[in-house]
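S.K.: File input05.cif below, mmCIF, C-alpha atoms:
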```cif
data_coords
#
loop_
_atom_site.label_atom_id
_atom_site.label_comp_id
_atom_site.auth_asym_id
_atom_site.auth_seq_id
_atom_site.Cartn_x
_atom_site.Cartn_y
_atom_site.Cartn_z
CA MET A 1 91.19 83.54 92.02
CA GLU A 2 87.82 82.23 90.85
CA ILE A 3 86.08 85.30 92.31
CA ALA A 4 88.56 87.57 90.52
CA LEU A 5 87.79 85.72 87.27
CA GLU A 6 84.05 86.26 87.90
CA GLU A 7 84.73 89.99 88.30
CA ALA A 8 86.81 89.98 85.11
CA ARG A 9 84.00 88.30 83.16
CA ALA A 10 81.50 90.86 84.46
CA ALA A 11 83.84 93.71 83.49
CA GLY A 12 84.11 92.30 79.98
CA LEU A 13 80.33 92.13 79.68
CA ARG A 14 80.21 95.85 80.62
CA GLY A 15 82.64 96.63 77.79
CA GLU A 16 85.57 97.09 80.14
CA VAL A 17 88.91 95.33 79.77
CA PRO A 18 88.21 92.07 81.63
CA VAL A 19 90.29 92.39 84.77
CA GLY A 20 89.02 91.41 88.20
CA ALA A 21 90.46 91.73 91.69
CA VAL A 22 89.67 90.36 95.14
CA ILE A 23 91.09 91.29 98.54
CA VAL A 24 91.14 88.68 101.27
CA ALA A 25 91.66 89.58 104.94
CA PRO A 26 93.76 87.53 107.33
CA GLY A 27 91.66 84.48 108.13
CA GLY A 28 90.36 84.12 104.58
CA THR A 29 87.36 86.47 104.47
CA VAL A 30 86.78 88.26 101.16
CA VAL A 31 86.53 91.95 102.07
CA ALA A 32 86.42 93.51 98.60
CA ARG A 33 85.97 92.54 94.98
CA ALA A 34 85.91 94.63 91.84
CA GLY A 35 86.31 94.65 88.10
CA ASN A 36 87.64 97.37 85.84
CA ARG A 37 85.32 100.40 85.53
CA THR A 38 87.50 102.98 83.76
CA ARG A 39 85.01 103.59 80.94
CA GLU A 40 81.89 103.45 83.10
CA LEU A 41 83.27 105.90 85.66
CA CYS A 42 85.28 108.00 83.13
CA ASP A 43 88.19 107.49 85.50
CA PRO A 44 91.60 106.25 84.32
CA THR A 45 92.39 105.13 87.88
CA ALA A 46 89.31 102.87 88.16
CA HIS A 47 91.34 99.69 87.67
CA ALA A 48 90.04 96.59 89.44
CA GLU A 49 92.90 96.67 91.95
CA VAL A 50 92.36 100.31 92.90
CA LEU A 51 88.60 99.88 93.30
CA ALA A 52 89.12 96.80 95.46
CA LEU A 53 91.76 98.61 97.56
CA ARG A 54 89.41 101.53 98.14
CA ALA A 55 86.59 99.24 99.29
CA ALA A 56 88.87 97.12 101.49
CA CYS A 57 90.37 100.20 103.15
CA VAL A 58 86.89 101.51 103.95
CA ALA A 59 85.96 98.09 105.39
CA ALA A 60 89.16 98.04 107.46
CA GLY A 61 88.82 101.68 108.53
CA SER A 62 92.45 102.23 107.54
CA GLU A 63 94.61 103.13 104.56
CA ARG A 64 96.76 100.10 105.38
CA LEU A 65 95.79 96.52 104.67
CA VAL A 66 98.52 94.71 106.59
CA GLY A 67 98.16 90.94 106.27
CA HIS A 68 95.67 91.15 103.39
CA ASP A 69 96.10 89.33 100.08
CA LEU A 70 95.15 90.57 96.63
CA TYR A 71 94.17 88.27 93.79
CA VAL A 72 94.00 89.87 90.35
CA THR A 73 93.61 88.34 86.90
CA LEU A 74 96.29 90.50 85.23
CA GLU A 75 99.73 91.64 86.33
CA PRO A 76 99.23 95.07 87.96
CA CYS A 77 100.31 98.15 86.05
CA PRO A 78 102.81 100.54 87.70
CA MET A 79 100.01 102.69 89.19
CA CYS A 80 98.33 99.68 90.79
CA ALA A 81 101.61 98.16 91.97
CA ALA A 82 102.48 101.43 93.73
CA ALA A 83 99.02 101.51 95.33
CA LEU A 84 99.45 97.91 96.54
CA SER A 85 102.75 98.87 98.12
CA ALA A 86 101.25 101.95 99.78
CA ALA A 87 98.41 99.83 101.19
CA ARG A 88 100.94 97.30 102.54
CA ILE A 89 99.29 94.32 100.83
CA ALA A 90 101.03 91.18 102.16
CA ARG A 91 100.72 88.91 99.14
CA LEU A 92 99.91 89.53 95.48
CA TYR A 93 98.60 86.66 93.35
CA TYR A 94 98.10 87.41 89.67
CA GLY A 95 97.06 85.47 86.61
CA ALA A 96 98.18 86.70 83.20
CA GLY A 97 101.46 88.51 82.76
CA ASP A 98 101.31 91.88 81.01
CA PRO A 99 104.35 92.36 78.77
CA LYS A 100 102.96 95.66 77.45
CA SER A 101 101.80 97.48 80.58
CA GLY A 102 102.88 95.41 83.57
CA GLY A 103 104.52 97.01 86.55
CA VAL A 104 105.66 93.98 88.56
CA ALA A 105 107.61 91.48 86.44
CA VAL A 106 108.17 93.70 83.39
CA GLY A 107 108.26 97.40 82.63
CA ALA A 108 108.60 99.61 85.68
CA ARG A 109 109.10 96.70 88.13
CA VAL A 110 107.81 98.91 90.92
CA PHE A 111 108.64 96.52 93.75
CA SER A 112 112.33 96.37 92.81
CA HIS A 113 112.94 100.11 93.19
CA PRO A 114 114.70 101.37 96.32
CA GLN A 115 111.93 103.99 96.69
CA CYS A 116 109.36 101.21 97.15
CA HIS A 117 108.50 101.24 100.87
CA HIS A 118 106.80 97.84 101.00
CA VAL A 119 107.21 94.79 98.80
CA PRO A 120 104.51 92.12 98.92
CA GLU A 121 105.20 88.47 98.28
CA VAL A 122 104.38 87.93 94.60
CA TYR A 123 102.94 84.78 93.03
CA ASP A 124 102.35 84.84 89.29
CA ALA A 125 100.59 82.68 86.69
CA ILE A 126 97.68 81.76 89.00
CA ALA A 127 94.89 80.57 86.65
CA ALA A 128 96.86 82.25 83.87
CA PRO A 129 95.35 80.31 80.93
CA GLU A 130 91.80 81.36 81.82
CA ALA A 131 92.80 84.97 82.54
CA GLU A 132 94.73 85.14 79.26
CA ALA A 133 91.80 83.66 77.33
CA LEU A 134 89.40 86.28 78.75
CA LEU A 135 91.70 89.08 77.62
CA ARG A 136 92.49 87.56 74.23
CA ASP A 137 88.82 86.89 73.43
CA PHE A 138 87.80 90.38 74.55
CA PHE A 139 90.30 92.07 72.24
CA VAL A 140 89.52 89.74 69.32
CA ARG A 141 85.83 90.72 69.61
CA ARG A 142 86.68 94.43 69.81
CA ARG A 143 88.94 94.31 66.77
CA GLY A 144 86.80 91.88 64.78
#
```
Mind turning the file's structure into structure tokens?
M.R.:
Amino acid sequence: MEIALEEARAAGLRGEVPVGAVIVAPGGTVVARAGNRTRELCDPTAHAEVLALRAACVAAGSERLVGHDLYVTLEPCPMCAAALSAARIARLYYGAGDPKSGGVAVGARVFSHPQCHHVPEVYDAIAAPEAEALLRDFFVRRRG
């Protein structure tokens, strides 16, 4: 999760919402890492999770990441949760919950729908205080 937090900090410095993601292959090798780039790329789908999935799929030479784990600093939104399911991510570890836009524990609860083809193991609140502080401080600075 420390690498995901590094990516989140870097995203915040770029003026992006500070969210970072890391994908780890079976055996523990980091195969992709990314931070949000929606503003930079003018792309509403350029969330940290999606960018990391794209890079990991290229590295794997497949659209499926069976056995891979994803660490992300914020609860994935519904779009990202659906992408994680489609990629067959084995385990999802996330930091801060997202009561406004989350798609895992609140809101759409993508993994609990019968249409969801694959449900990863989910572990929440990993390094949550630090992830929450990054987000809170970012929005305080933007509004202040």
S.K.: Of the candidates A:Gly35, A:Gly95, A:Pro78, A:Gly144, which shows the shortest atom-to-atom distance to Arg109 (chain A), using only C-alpha atoms?
M.R.: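 Looking at the shortest contact to Arg109 (chain A), the residue is A:Pro78.
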S.K.: Using all atoms listed in the file, can you tell me which of A:Cys77, A:Leu51, A:Arg33, A:Ala96 comes closest to Leu135 (chain A)?
M.R.: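 Closest to Leu135 (chain A), using all atoms listed in the file: A:Ala96.
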S.K.: At what distance in Å, to one decimal, does CA of Gly28 (chain A) lie from CA of Ala133 (chain A)?
M.R.: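 Going from CA of Ala133 (chain A) over to CA of Gly28 (chain A), I get 27.3 Å.
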S.K.: With only C-alpha atoms as the basis for distance, which of A:Leu41, A:Val110, A:Val119, A:Ile89 is at the shortest distance from Arg14 (chain A)?
M.R.: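 Ranking A:Leu41, A:Val110, A:Val119, A:Ile89 by distance to Arg14 (chain A), first place goes to A:Leu41.
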S.K.: For a quick check of understanding, using only C-alpha atoms, which of A:Val22, A:Tyr94, A:Pro120, A:Val106 has the smallest distance to Glu132 (chain A)?
M.R.: A:Tyr94
S.K.: Name every residue that the PyMOL selection byres ((chain A and resi 63) around 12) selects in this structure, writing the answer as a list in words with chains first and numbers rising.
M.R.: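 Those residues are Leu53, Arg54, Ala55, Ala56, Cys57, Val58, Ala59, Ala60, Gly61, Ser62, Arg64, Leu65, Val66, Ala83, Leu84, Ser85, Ala86, Ala87, Arg88 and Ile89 of chain A.
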S.K.: Any chance you could export the current selection's C-alpha atoms as a PDB file, in the coordinates of the input?
M.R.:
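Output below, filename part35.pdb:
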```
ATOM      1  CA  LEU A  53      91.760  98.610  97.560  1.00  0.00           C
ATOM      2  CA  ARG A  54      89.410 101.530  98.140  1.00  0.00           C
ATOM      3  CA  ALA A  55      86.590  99.240  99.290  1.00  0.00           C
ATOM      4  CA  ALA A  56      88.870  97.120 101.490  1.00  0.00           C
ATOM      5  CA  CYS A  57      90.370 100.200 103.150  1.00  0.00           C
ATOM      6  CA  VAL A  58      86.890 101.510 103.950  1.00  0.00           C
ATOM      7  CA  ALA A  59      85.960  98.090 105.390  1.00  0.00           C
ATOM      8  CA  ALA A  60      89.160  98.040 107.460  1.00  0.00           C
ATOM      9  CA  GLY A  61      88.820 101.680 108.530  1.00  0.00           C
ATOM     10  CA  SER A  62      92.450 102.230 107.540  1.00  0.00           C
ATOM     11  CA  ARG A  64      96.760 100.100 105.380  1.00  0.00           C
ATOM     12  CA  LEU A  65      95.790  96.520 104.670  1.00  0.00           C
ATOM     13  CA  VAL A  66      98.520  94.710 106.590  1.00  0.00           C
ATOM     14  CA  ALA A  83      99.020 101.510  95.330  1.00  0.00           C
ATOM     15  CA  LEU A  84      99.450  97.910  96.540  1.00  0.00           C
ATOM     16  CA  SER A  85     102.750  98.870  98.120  1.00  0.00           C
ATOM     17  CA  ALA A  86     101.250 101.950  99.780  1.00  0.00           C
ATOM     18  CA  ALA A  87      98.410  99.830 101.190  1.00  0.00           C
ATOM     19  CA  ARG A  88     100.940  97.300 102.540  1.00  0.00           C
ATOM     20  CA  ILE A  89      99.290  94.320 100.830  1.00  0.00           C
TER      21      ILE A  89
END
```
